[in-house]
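J.: Just protein31.pdb, nothing more (PDB, C-alpha atoms (C1' of nucleotides)):
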```pdb
ATOM      1  CA  MET A   1       0.000   0.000   0.000
ATOM      2  CA  ARG A   2       1.806   3.008  -1.246
ATOM      3  CA  LEU A   3       0.175   6.373  -0.621
ATOM      4  CA  THR A   4       1.177   9.546  -2.384
ATOM      5  CA  LYS A   5       1.398  12.807  -0.547
ATOM      6  CA  SER A   6      -2.033  13.895  -1.732
ATOM      7  CA  GLU A   7      -3.515  10.586  -0.845
ATOM      8  CA  TRP A   8      -2.183  10.986   2.650
ATOM      9  CA  GLN A   9      -4.070  14.228   2.912
ATOM     10  CA  ILE A  10      -7.290  12.576   2.011
ATOM     11  CA  MET A  11      -6.688   9.589   4.188
ATOM     12  CA  LYS A  12      -5.882  11.721   7.172
ATOM     13  CA  ALA A  13      -9.139  13.581   6.798
ATOM     14  CA  LEU A  14     -10.940  10.295   6.537
ATOM     15  CA  TRP A  15      -9.249   8.671   9.505
ATOM     16  CA  GLU A  16     -10.178  11.671  11.543
ATOM     17  CA  SER A  17     -13.767  10.514  11.460
ATOM     18  CA  HIS A  18     -15.652   8.089   9.304
ATOM     19  CA  PRO A  19     -17.701   7.143   7.444
ATOM     20  CA  ALA A  20     -17.517  10.445   5.681
ATOM     21  CA  THR A  21     -18.755  11.932   2.450
ATOM     22  CA  ALA A  22     -16.523  13.623  -0.057
ATOM     23  CA  ARG A  23     -17.984  16.911   1.046
ATOM     24  CA  GLU A  24     -17.114  16.292   4.658
ATOM     25  CA  ILE A  25     -13.635  15.277   3.770
ATOM     26  CA  SER A  26     -13.196  18.367   1.703
ATOM     27  CA  GLU A  27     -14.247  20.464   4.621
ATOM     28  CA  ARG A  28     -11.747  18.834   6.902
ATOM     29  CA  LEU A  29      -8.769  19.386   4.688
ATOM     30  CA  PRO A  30      -6.327  22.041   5.811
ATOM     31  CA  GLU A  31      -7.417  25.586   5.059
ATOM     32  CA  ASP A  32      -4.750  26.091   2.467
ATOM     33  CA  THR A  33      -5.795  23.141   0.364
ATOM     34  CA  THR A  34      -7.291  24.387  -2.858
ATOM     35  CA  TRP A  35      -8.495  21.213  -4.485
ATOM     36  CA  ALA A  36     -11.646  21.295  -6.506
ATOM     37  CA  TYR A  37     -14.373  19.075  -5.200
ATOM     38  CA  THR A  38     -14.047  16.783  -8.205
ATOM     39  CA  THR A  39     -10.356  16.434  -7.563
ATOM     40  CA  ILE A  40     -11.168  15.028  -4.187
ATOM     41  CA  LYS A  41     -13.712  12.721  -5.730
ATOM     42  CA  THR A  42     -11.174  11.503  -8.232
ATOM     43  CA  MET A  43      -8.666  10.789  -5.534
ATOM     44  CA  LEU A  44     -11.258   8.966  -3.495
ATOM     45  CA  THR A  45     -12.160   6.863  -6.479
ATOM     46  CA  ARG A  46      -8.540   6.011  -6.991
ATOM     47  CA  LEU A  47      -8.134   5.142  -3.345
ATOM     48  CA  VAL A  48     -11.124   2.862  -3.668
ATOM     49  CA  GLY A  49      -9.366   1.286  -6.638
ATOM     50  CA  LYS A  50      -6.328   0.747  -4.459
ATOM     51  CA  LYS A  51      -8.506  -0.828  -1.785
ATOM     52  CA  ALA A  52      -7.434   1.767   0.717
ATOM     53  CA  VAL A  53     -10.970   3.048   1.085
ATOM     54  CA  SER A  54     -14.416   1.580   0.733
ATOM     55  CA  GLU A  55     -17.356   3.288  -0.891
ATOM     56  CA  ARG A  56     -20.988   2.737  -0.182
ATOM     57  CA  LYS A  57     -24.086   4.603  -1.265
ATOM     58  CA  ARG A  58     -26.466   6.355   1.006
ATOM     59  CA  ALA A  59     -29.240   7.781  -1.158
ATOM     60  CA  ASN A  60     -27.369   9.296  -4.050
ATOM     61  CA  THR A  61     -24.331  10.148  -2.014
ATOM     62  CA  SER A  62     -21.203   8.084  -1.526
ATOM     63  CA  VAL A  63     -19.945   7.454   1.947
ATOM     64  CA  TYR A  64     -16.334   6.491   2.371
ATOM     65  CA  GLU A  65     -14.534   4.549   4.986
ATOM     66  CA  PRO A  66     -10.872   3.683   5.377
ATOM     67  CA  LEU A  67      -9.962   0.092   4.703
ATOM     68  CA  ILE A  68      -6.459   0.445   6.007
ATOM     69  CA  GLU A  69      -5.559   1.777   9.376
ATOM     70  CA  ARG A  70      -3.401   4.732   9.960
ATOM     71  CA  ASP A  71      -0.893   2.774  11.951
ATOM     72  CA  ASP A  72      -0.487   0.266   9.204
ATOM     73  CA  ALA A  73      -0.049   2.913   6.602
ATOM     74  CA  GLN A  74       2.548   4.618   8.728
ATOM     75  CA  ARG A  75       4.322   1.420   9.459
ATOM     76  CA  SER A  76       4.509   0.558   5.835
ATOM     77  CA  ALA A  77       5.663   4.024   4.878
ATOM     78  CA  VAL A  78       8.490   3.783   7.367
ATOM     79  CA  ALA A  79       9.335   0.332   6.090
ATOM     80  CA  THR A  80       9.403   1.551   2.506
ATOM     81  CA  LEU A  81      11.712   4.367   3.439
ATOM     82  CA  ILE A  82      14.094   2.085   5.272
ATOM     83  CA  GLU A  83      13.960  -0.232   2.348
ATOM     84  CA  SER A  84      14.765   2.248  -0.368
ATOM     85  CA  ALA A  85      16.922   4.805   1.373
ATOM     86  CA  PHE A  86      18.689   2.679   3.952
ATOM     87  CA  ASP A  87      19.062  -0.586   2.114
ATOM     88  CA  GLY A  88      16.610  -2.214   4.417
ATOM     89  CA  ALA A  89      18.923  -1.880   7.364
ATOM     90  CA  VAL A  90      17.037  -0.730  10.410
ATOM     91  CA  GLU A  91      20.012   0.184  12.515
ATOM     92  CA  PRO A  92      21.612   2.674  10.200
ATOM     93  CA  PHE A  93      18.218   4.226   9.921
ATOM     94  CA  LEU A  94      17.954   4.488  13.666
ATOM     95  CA  GLY A  95      21.404   5.832  14.077
ATOM     96  CA  PHE A  96      20.675   8.343  11.445
ATOM     97  CA  VAL A  97      17.430   9.440  12.970
ATOM     98  CA  ALA A  98      18.938   9.550  16.398
ATOM     99  CA  ASN A  99      21.944  11.573  15.414
ATOM    100  CA  SER A 100      20.930  13.776  12.577
ATOM    101  CA  THR A 101      17.292  14.416  12.848
ATOM    102  CA  LEU A 102      16.949  15.067  16.500
ATOM    103  CA  SER A 103      17.599  18.031  18.615
ATOM    104  CA  SER A 104      18.893  17.098  22.035
ATOM    105  CA  LYS A 105      15.519  17.899  23.483
ATOM    106  CA  GLU A 106      13.889  15.440  21.160
ATOM    107  CA  ARG A 107      16.530  12.927  21.975
ATOM    108  CA  LYS A 108      15.724  13.261  25.625
ATOM    109  CA  ARG A 109      12.044  12.789  24.931
ATOM    110  CA  LEU A 110      12.823   9.730  22.927
ATOM    111  CA  LEU A 111      14.813   8.292  25.779
ATOM    112  CA  GLU A 112      11.869   8.843  28.025
ATOM    113  CA  MET A 113       9.552   7.164  25.623
ATOM    114  CA  LEU A 114      11.831   4.215  25.354
ATOM    115  CA  ASP A 115      12.080   3.992  29.108
ATOM    116  CA  ARG A 116       8.352   3.939  29.464
ATOM    117  CA  GLU A 117       8.116   1.244  26.841
ATOM    118  CA  ASP A 118      10.797  -0.741  28.577
ATOM    119  CA  ALA A 119       9.045  -0.471  31.876
ATOM    120  CA  SER A 120       5.700  -1.524  30.543
ATOM    121  CA  ALA A 121       7.326  -4.327  28.660
ATOM    122  CA  LYS A 122       8.686  -5.656  31.920
ATOM    123  CA  GLU A 123       5.297  -5.621  33.566
ATOM    124  CA  ARG A 124       3.777  -7.779  30.892
TER     125      ARG A 124
ATOM    126  CA  MET B   1      15.079  16.694  -3.780
ATOM    127  CA  ARG B   2      12.716  13.841  -4.129
ATOM    128  CA  LEU B   3      14.168  10.524  -5.257
ATOM    129  CA  THR B   4      12.100   7.632  -6.480
ATOM    130  CA  LYS B   5      12.880   4.092  -5.522
ATOM    131  CA  SER B   6      14.705   3.454  -8.780
ATOM    132  CA  GLU B   7      16.606   6.650  -8.495
ATOM    133  CA  TRP B   8      17.779   5.570  -5.083
ATOM    134  CA  GLN B   9      19.209   2.466  -6.652
ATOM    135  CA  ILE B  10      21.214   4.444  -9.091
ATOM    136  CA  MET B  11      22.322   6.967  -6.539
ATOM    137  CA  LYS B  12      23.459   4.287  -4.177
ATOM    138  CA  ALA B  13      25.610   2.752  -6.844
ATOM    139  CA  LEU B  14      27.031   6.135  -7.614
ATOM    140  CA  TRP B  15      27.710   7.115  -4.032
ATOM    141  CA  GLU B  16      29.562   3.880  -3.619
ATOM    142  CA  SER B  17      32.317   5.254  -5.757
ATOM    143  CA  HIS B  18      32.538   8.127  -8.156
ATOM    144  CA  PRO B  19      33.006   9.546 -10.691
ATOM    145  CA  ALA B  20      31.524   6.598 -12.470
ATOM    146  CA  THR B  21      30.320   5.778 -15.935
ATOM    147  CA  ALA B  22      26.905   4.393 -16.709
ATOM    148  CA  ARG B  23      28.544   1.078 -17.371
ATOM    149  CA  GLU B  24      30.218   0.993 -14.008
ATOM    150  CA  ILE B  25      27.038   1.920 -12.297
ATOM    151  CA  SER B  26      25.179  -0.786 -14.117
ATOM    152  CA  GLU B  27      27.750  -3.301 -12.950
ATOM    153  CA  ARG B  28      27.369  -2.259  -9.357
ATOM    154  CA  LEU B  29      23.637  -2.623  -9.233
ATOM    155  CA  PRO B  30      22.323  -5.588  -7.287
ATOM    156  CA  GLU B  31      22.475  -8.865  -9.154
ATOM    157  CA  ASP B  32      18.754  -9.089  -9.496
ATOM    158  CA  THR B  33      18.394  -5.763 -11.242
ATOM    159  CA  THR B  34      17.392  -6.334 -14.810
ATOM    160  CA  TRP B  35      17.485  -2.860 -16.262
ATOM    161  CA  ALA B  36      18.613  -2.366 -19.798
ATOM    162  CA  TYR B  37      21.668  -0.226 -20.151
ATOM    163  CA  THR B  38      19.647   2.530 -21.796
ATOM    164  CA  THR B  39      17.248   2.504 -18.899
ATOM    165  CA  ILE B  40      20.103   3.359 -16.637
ATOM    166  CA  LYS B  41      21.213   6.059 -19.019
ATOM    167  CA  THR B  42      17.750   7.521 -19.062
ATOM    168  CA  MET B  43      17.595   7.609 -15.320
ATOM    169  CA  LEU B  44      20.988   9.204 -15.128
ATOM    170  CA  THR B  45      19.910  11.858 -17.575
ATOM    171  CA  ARG B  46      16.855  12.551 -15.491
ATOM    172  CA  LEU B  47      18.926  12.735 -12.352
ATOM    173  CA  VAL B  48      21.139  15.227 -14.097
ATOM    174  CA  GLY B  49      18.012  17.194 -14.931
ATOM    175  CA  LYS B  50      17.076  17.129 -11.281
ATOM    176  CA  LYS B  51      20.555  18.343 -10.369
ATOM    177  CA  ALA B  52      21.163  15.300  -8.260
ATOM    178  CA  VAL B  53      24.025  14.217 -10.461
ATOM    179  CA  SER B  54      26.533  15.943 -12.666
ATOM    180  CA  GLU B  55      27.650  14.738 -16.043
ATOM    181  CA  ARG B  56      30.917  15.404 -17.738
ATOM    182  CA  LYS B  57      32.494  13.948 -20.839
ATOM    183  CA  ARG B  58      35.672  12.004 -20.947
ATOM    184  CA  ALA B  59      36.321  11.199 -24.602
ATOM    185  CA  ASN B  60      32.948  10.120 -25.826
ATOM    186  CA  THR B  61      31.856   8.685 -22.526
ATOM    187  CA  SER B  62      29.909  10.405 -19.804
ATOM    188  CA  VAL B  63      31.193  10.328 -16.305
ATOM    189  CA  TYR B  64      28.758  10.950 -13.515
ATOM    190  CA  GLU B  65      29.158  12.297 -10.064
ATOM    191  CA  PRO B  66      26.641  12.834  -7.299
ATOM    192  CA  LEU B  67      25.742  16.416  -6.595
ATOM    193  CA  ILE B  68      23.866  15.615  -3.451
ATOM    194  CA  GLU B  69      25.219  13.656  -0.579
ATOM    195  CA  ARG B  70      23.755  10.514   0.696
ATOM    196  CA  ASP B  71      23.205  11.942   4.127
ATOM    197  CA  ASP B  72      21.302  14.858   2.766
ATOM    198  CA  ALA B  73      19.159  12.672   0.612
ATOM    199  CA  GLN B  74      18.393  10.477   3.570
ATOM    200  CA  ARG B  75      17.699  13.385   5.796
ATOM    201  CA  SER B  76      15.302  14.836   3.334
ATOM    202  CA  ALA B  77      13.605  11.524   2.747
ATOM    203  CA  VAL B  78      13.021  11.164   6.456
ATOM    204  CA  ALA B  79      11.762  14.713   6.622
ATOM    205  CA  THR B  80       9.369  14.132   3.762
ATOM    206  CA  LEU B  81       8.010  11.060   5.428
ATOM    207  CA  ILE B  82       7.476  12.842   8.704
ATOM    208  CA  GLU B  83       5.859  15.626   6.807
ATOM    209  CA  SER B  84       3.355  13.614   4.864
ATOM    210  CA  ALA B  85       2.646  10.659   7.095
ATOM    211  CA  PHE B  86       3.053  12.210  10.520
ATOM    212  CA  ASP B  87       1.794  15.707   9.925
ATOM    213  CA  GLY B  88       5.248  17.070  10.388
ATOM    214  CA  ALA B  89       5.330  16.103  14.024
ATOM    215  CA  VAL B  90       8.643  14.560  14.901
ATOM    216  CA  GLU B  91       7.651  13.154  18.234
ATOM    217  CA  PRO B  92       4.784  10.996  17.123
ATOM    218  CA  PHE B  93       7.091   9.722  14.466
ATOM    219  CA  LEU B  94       9.680   8.829  17.050
ATOM    220  CA  GLY B  95       7.208   7.248  19.340
ATOM    221  CA  PHE B  96       5.900   5.272  16.474
ATOM    222  CA  VAL B  97       9.272   4.086  15.335
ATOM    223  CA  ALA B  98      10.316   3.305  18.865
ATOM    224  CA  ASN B  99       7.225   1.321  19.719
ATOM    225  CA  SER B 100       5.988  -0.269  16.578
ATOM    226  CA  THR B 101       8.902  -0.719  14.317
ATOM    227  CA  LEU B 102      11.476  -1.952  16.710
ATOM    228  CA  SER B 103      12.121  -5.266  18.252
ATOM    229  CA  SER B 104      13.288  -4.982  21.817
ATOM    230  CA  LYS B 105      16.795  -5.783  20.718
ATOM    231  CA  GLU B 106      16.718  -2.891  18.327
ATOM    232  CA  ARG B 107      15.287  -0.733  21.021
ATOM    233  CA  LYS B 108      18.195  -1.584  23.234
ATOM    234  CA  ARG B 109      20.638  -0.761  20.476
ATOM    235  CA  LEU B 110      18.928   2.536  19.984
ATOM    236  CA  LEU B 111      19.273   3.328  23.646
ATOM    237  CA  GLU B 112      22.941   2.593  23.409
ATOM    238  CA  MET B 113      23.326   4.795  20.417
ATOM    239  CA  LEU B 114      21.566   7.603  22.153
ATOM    240  CA  ASP B 115      23.761   7.171  25.183
ATOM    241  CA  ARG B 116      26.868   7.383  23.115
ATOM    242  CA  GLU B 117      25.544  10.464  21.410
ATOM    243  CA  ASP B 118      24.703  11.982  24.725
ATOM    244  CA  ALA B 119      28.134  11.278  26.077
ATOM    245  CA  SER B 120      29.918  12.719  23.094
ATOM    246  CA  ALA B 121      27.622  15.697  23.155
ATOM    247  CA  LYS B 122      28.769  16.408  26.671
ATOM    248  CA  GLU B 123      32.397  16.322  25.727
ATOM    249  CA  ARG B 124      31.953  18.934  23.077
TER     250      ARG B 124
ATOM    251  C1'  DT C   1      41.057   0.407 -42.296
ATOM    252  C1'  DA C   2      36.965  -2.590 -41.909
ATOM    253  C1'  DG C   3      34.311  -4.679 -38.643
ATOM    254  C1'  DA C   4      32.998  -5.311 -33.875
ATOM    255  C1'  DT C   5      31.894  -3.105 -29.772
ATOM    256  C1'  DT C   6      30.366   0.487 -26.983
ATOM    257  C1'  DC C   7      28.249   4.917 -26.162
ATOM    258  C1'  DT C   8      25.205   8.522 -26.852
ATOM    259  C1'  DT C   9      21.074  10.644 -28.240
ATOM    260  C1'  DC C  10      16.249  10.405 -29.685
ATOM    261  C1'  DT C  11      12.020   8.758 -29.457
ATOM    262  C1'  DA C  12       8.276   6.084 -27.457
ATOM    263  C1'  DC C  13       4.887   4.365 -24.805
ATOM    264  C1'  DA C  14       2.195   2.728 -20.849
ATOM    265  C1'  DA C  15       0.950   3.473 -16.037
ATOM    266  C1'  DA C  16       0.502   6.600 -12.248
ATOM    267  C1'  DC C  17      -0.364  11.265 -10.525
ATOM    268  C1'  DG C  18      -2.260  15.861 -10.073
ATOM    269  C1'  DT C  19      -5.907  18.444 -11.288
ATOM    270  C1'  DA C  20     -10.354  19.505 -12.838
ATOM    271  C1'  DG C  21     -14.338  20.744 -16.182
ATOM    272  C1'  DA C  22     -18.845  19.260 -18.451
ATOM    273  C1'  DA C  23     -22.855  17.108 -18.284
ATOM    274  C1'  DA C  24     -26.265  14.449 -16.416
ATOM    275  C1'  DG C  25     -29.019  12.751 -12.292
ATOM    276  C1'  DA C  26     -31.312  13.305  -7.539
ATOM    277  C1'  DG C  27     -33.255  15.743  -4.046
ATOM    278  C1'  DG C  28     -35.116  19.646  -1.764
ATOM    279  C1'  DT C  29     -38.200  23.991  -1.967
ATOM    280  C1'  DG C  30     -41.454  27.571  -3.096
TER     281       DG C  30
ATOM    282  C1'  DC D   1     -44.253  21.159 -10.807
ATOM    283  C1'  DA D   2     -40.167  24.145 -12.040
ATOM    284  C1'  DC D   3     -35.952  25.176 -10.457
ATOM    285  C1'  DC D   4     -31.808  25.454  -7.752
ATOM    286  C1'  DT D   5     -28.186  22.876  -5.636
ATOM    287  C1'  DC D   6     -25.445  19.159  -4.739
ATOM    288  C1'  DT D   7     -23.607  14.781  -6.350
ATOM    289  C1'  DT D   8     -21.976  11.551  -9.438
ATOM    290  C1'  DT D   9     -19.830   9.973 -13.524
ATOM    291  C1'  DC D  10     -17.027  10.697 -17.605
ATOM    292  C1'  DT D  11     -13.557  12.544 -19.881
ATOM    293  C1'  DA D  12      -9.311  14.998 -20.299
ATOM    294  C1'  DC D  13      -4.849  16.679 -20.235
ATOM    295  C1'  DG D  14      -0.185  17.698 -18.665
ATOM    296  C1'  DT D  15       3.699  15.704 -15.893
ATOM    297  C1'  DT D  16       6.444  12.115 -13.876
ATOM    298  C1'  DT D  17       8.025   7.494 -13.677
ATOM    299  C1'  DG D  18       9.443   3.007 -15.451
ATOM    300  C1'  DT D  19      11.272   0.917 -19.163
ATOM    301  C1'  DA D  20      13.665   0.474 -23.386
ATOM    302  C1'  DG D  21      14.494   0.122 -28.646
ATOM    303  C1'  DA D  22      16.614   2.280 -32.950
ATOM    304  C1'  DA D  23      19.982   4.597 -35.065
ATOM    305  C1'  DG D  24      23.953   7.043 -35.347
ATOM    306  C1'  DA D  25      28.778   8.340 -33.479
ATOM    307  C1'  DA D  26      33.092   7.138 -31.475
ATOM    308  C1'  DT D  27      36.534   3.630 -30.322
ATOM    309  C1'  DC D  28      38.959  -0.398 -30.289
ATOM    310  C1'  DT D  29      41.038  -4.245 -32.523
ATOM    311  C1'  DA D  30      42.695  -7.609 -35.848
TER     312       DA D  30
END
```
What would you get if you wrote out this structure as structure tokens?
T.:
Amino acid sequence: MRLTKSEWQIMKALWESHPATAREISERLPEDTTWAYTTIKTMLTRLVGKKAVSERKRANTSVYEPLIERDDAQRSAVATLIESAFDGAVEPFLGFVANSTLSSKERKRLLEMLDREDASAKER
Amino acid sequence: MRLTKSEWQIMKALWESHPATAREISERLPEDTTWAYTTIKTMLTRLVGKKAVSERKRANTSVYEPLIERDDAQRSAVATLIESAFDGAVEPFLGFVANSTLSSKERKRLLEMLDREDASAKER
DNA sequence: TAGATTCTTCTACAAACGTAGAAAGAGGTG
DNA sequence: CACCTCTTTCTACGTTTGTAGAAGAATCTA
């Protein structure tokens, strides 16, 4: 499941709350999005084609629902990135993220998060 | 600088050692890559168009050289991902990577890496 | 130097993306 | 019922990506 940047936009609006109509989705998009209504419809149709979204009729209006979950989409996006940009090697990716992407504040937060995870892992 | 999956392949081969000719690049690609030589040439030409690679003639043969560094490309790929899939929020991304993508062994490694970073940050 | 080999340059073409207008159909309203 | 408004469906068109063949130019080699 590969989502393009625009598709992410749509999906995010849909995950926010669903089922949703194209109109609702269009209203939830960020202010600065200038897509025509039919553009949104086209993208929804394509997402339906990709089986990322389901479509169902209520009266003459289509209601959409995500078929993939946000977590899964994120997971797979991260995996794809690691795959193509880091040769599939998780560690270099981590090292990279840890060292280059993070401010020391973020690094601290990450440590905390990991600690929490560690702790709760022990409890289980 | 947005690189496609195939472009990453080429770039990786080029980063490995450069300047390099199309032929050399083609020889360095993973065994299972089945691209025709002209396919590689086309991609190189497009990468030149994108200013990701420079081209220079030696006799009648083009010699290529990366114009962007691997680190930068990776950094920007990570940034793009965070941007589109995580709404630009670094922390959720981190939390996600830390919790969902990592095995506990990897998590431990990450902690170590962060420690090292922390230590060397102090020295500076 | 003629032929083989290798490169380059041009051209092509299908699928995916980004973006959207035109026209037709349904539903609500005075 | 006539009409306005919203929705759908169809069609379209330019760009990017993936993939590569044809033909010509340069080089090497016997």
J.: Could you build a table of the residues in chain B lying no more than 12 Å from chain C, giving for each the nearest pair of atoms and their separation in Å rounded to one decimal place, using only C-alpha atoms (C1' of nucleotides), ordered by chain and ascending residue number, as JSON lines?
T.:
```
{"residue": "B:Thr21", "atom": "CA", "partner": "C:DC7", "partner_atom": "C1'", "distance": 10.5}
{"residue": "B:Ala22", "atom": "CA", "partner": "C:DC7", "partner_atom": "C1'", "distance": 9.6}
{"residue": "B:Arg23", "atom": "CA", "partner": "C:DC7", "partner_atom": "C1'", "distance": 9.6}
{"residue": "B:Tyr37", "atom": "CA", "partner": "C:DC7", "partner_atom": "C1'", "distance": 10.3}
{"residue": "B:Thr38", "atom": "CA", "partner": "C:DT8", "partner_atom": "C1'", "distance": 9.6}
{"residue": "B:Lys41", "atom": "CA", "partner": "C:DT8", "partner_atom": "C1'", "distance": 9.1}
{"residue": "B:Thr42", "atom": "CA", "partner": "C:DT9", "partner_atom": "C1'", "distance": 10.2}
{"residue": "B:Thr45", "atom": "CA", "partner": "C:DT9", "partner_atom": "C1'", "distance": 10.8}
{"residue": "B:Lys57", "atom": "CA", "partner": "C:DT8", "partner_atom": "C1'", "distance": 10.9}
{"residue": "B:Arg58", "atom": "CA", "partner": "C:DC7", "partner_atom": "C1'", "distance": 11.5}
{"residue": "B:Ala59", "atom": "CA", "partner": "C:DC7", "partner_atom": "C1'", "distance": 10.3}
{"residue": "B:Asn60", "atom": "CA", "partner": "C:DC7", "partner_atom": "C1'", "distance": 7.0}
{"residue": "B:Thr61", "atom": "CA", "partner": "C:DC7", "partner_atom": "C1'", "distance": 6.4}
{"residue": "B:Ser62", "atom": "CA", "partner": "C:DC7", "partner_atom": "C1'", "distance": 8.6}
{"residue": "B:Val63", "atom": "CA", "partner": "C:DC7", "partner_atom": "C1'", "distance": 11.6}
```
J.: Determine, for each residue of chain D having at least one atom at most 10 Å from an atom of chain B, the closest pair of atoms and their separation in Å to one decimal, counting only C-alpha atoms (C1' of nucleotides); order by chain and ascending number, as CSV.
T.:
```
residue,atom,partner,partner_atom,distance
D:DT17,C1',B:Thr4,CA,8.3
D:DG18,C1',B:Ser6,CA,8.5
D:DT19,C1',B:Thr39,CA,6.2
D:DA20,C1',B:Thr39,CA,6.1
D:DG21,C1',B:Thr38,CA,8.9
D:DA25,C1',B:Asn60,CA,8.9
D:DA26,C1',B:Asn60,CA,6.4
D:DT27,C1',B:Asn60,CA,8.7
```
J.: How many Å lie between atom CA of B:Ser103 and atom CA of A:Ser84, rounded to one decimal?
T.: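 Going from atom CA of B:Ser103 over to atom CA of A:Ser84 covers 20.3 Å.
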J.: As JSON, what would the box around stretch 8-17 of chain C look like: edges along x, y and z, 6 Å added on every side, centre and edge lengths in Å to one decimal?
T.:
```
{"center_x": 12.4, "center_y": 7.0, "center_z": -20.1, "size_x": 37.6, "size_y": 20.5, "size_z": 31.2}
```
J.: Using the chain letters and numbering of this document, enumerate as a PDB file with C-alpha atoms, in the coordinates of the input the residues selected by the PyMOL selection byres ((chain B) within 9 of (chain A)).
T.:
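So the final result, stored in result-v7.pdb, reads:
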```pdb
ATOM      1  CA  THR B   4      12.100   7.632  -6.480  1.00  0.00           C
ATOM      2  CA  LYS B   5      12.880   4.092  -5.522  1.00  0.00           C
ATOM      3  CA  SER B   6      14.705   3.454  -8.780  1.00  0.00           C
ATOM      4  CA  TRP B   8      17.779   5.570  -5.083  1.00  0.00           C
ATOM      5  CA  GLN B   9      19.209   2.466  -6.652  1.00  0.00           C
ATOM      6  CA  LYS B  12      23.459   4.287  -4.177  1.00  0.00           C
ATOM      7  CA  ARG B  70      23.755  10.514   0.696  1.00  0.00           C
ATOM      8  CA  ASP B  71      23.205  11.942   4.127  1.00  0.00           C
ATOM      9  CA  ALA B  73      19.159  12.672   0.612  1.00  0.00           C
ATOM     10  CA  GLN B  74      18.393  10.477   3.570  1.00  0.00           C
ATOM     11  CA  ARG B  75      17.699  13.385   5.796  1.00  0.00           C
ATOM     12  CA  ALA B  77      13.605  11.524   2.747  1.00  0.00           C
ATOM     13  CA  VAL B  78      13.021  11.164   6.456  1.00  0.00           C
ATOM     14  CA  ALA B  79      11.762  14.713   6.622  1.00  0.00           C
ATOM     15  CA  LEU B  81       8.010  11.060   5.428  1.00  0.00           C
ATOM     16  CA  SER B  84       3.355  13.614   4.864  1.00  0.00           C
ATOM     17  CA  ALA B  85       2.646  10.659   7.095  1.00  0.00           C
ATOM     18  CA  PHE B  86       3.053  12.210  10.520  1.00  0.00           C
ATOM     19  CA  VAL B  90       8.643  14.560  14.901  1.00  0.00           C
ATOM     20  CA  GLU B  91       7.651  13.154  18.234  1.00  0.00           C
ATOM     21  CA  PHE B  93       7.091   9.722  14.466  1.00  0.00           C
ATOM     22  CA  LEU B  94       9.680   8.829  17.050  1.00  0.00           C
ATOM     23  CA  GLY B  95       7.208   7.248  19.340  1.00  0.00           C
ATOM     24  CA  PHE B  96       5.900   5.272  16.474  1.00  0.00           C
ATOM     25  CA  VAL B  97       9.272   4.086  15.335  1.00  0.00           C
ATOM     26  CA  ALA B  98      10.316   3.305  18.865  1.00  0.00           C
ATOM     27  CA  ASN B  99       7.225   1.321  19.719  1.00  0.00           C
ATOM     28  CA  SER B 100       5.988  -0.269  16.578  1.00  0.00           C
ATOM     29  CA  THR B 101       8.902  -0.719  14.317  1.00  0.00           C
ATOM     30  CA  LEU B 102      11.476  -1.952  16.710  1.00  0.00           C
ATOM     31  CA  SER B 104      13.288  -4.982  21.817  1.00  0.00           C
ATOM     32  CA  GLU B 106      16.718  -2.891  18.327  1.00  0.00           C
ATOM     33  CA  ARG B 107      15.287  -0.733  21.021  1.00  0.00           C
ATOM     34  CA  LYS B 108      18.195  -1.584  23.234  1.00  0.00           C
ATOM     35  CA  ARG B 109      20.638  -0.761  20.476  1.00  0.00           C
ATOM     36  CA  LEU B 110      18.928   2.536  19.984  1.00  0.00           C
ATOM     37  CA  LEU B 111      19.273   3.328  23.646  1.00  0.00           C
ATOM     38  CA  MET B 113      23.326   4.795  20.417  1.00  0.00           C
ATOM     39  CA  LEU B 114      21.566   7.603  22.153  1.00  0.00           C
ATOM     40  CA  GLU B 117      25.544  10.464  21.410  1.00  0.00           C
ATOM     41  CA  ASP B 118      24.703  11.982  24.725  1.00  0.00           C
ATOM     42  CA  ALA B 121      27.622  15.697  23.155  1.00  0.00           C
TER      43      ALA B 121
END
```
J.: Once the PyMOL selection byres ((chain B and resi 19) around 8) has been applied to the shown file, what residues remain in the selection, as a list of chain:residue names?
T.: B:Leu14, B:Ser17, B:His18, B:Ala20, B:Thr21, B:Val63, B:Tyr64, B:Glu65, B:Pro66
J.: Do you have the atom CA of B:Arg46-atom CA of B:Leu29 distance handy?
T.: 17.8 Å
J.: The PyMOL selection byres ((chain B and resi 51-54) around 8) on the file shown: which residues, as a list in words?
T.: Met1, Leu44, Leu47, Val48, Gly49, Lys50, Glu55, Arg56, Tyr64, Glu65, Pro66, Leu67 and Ile68 of chain B
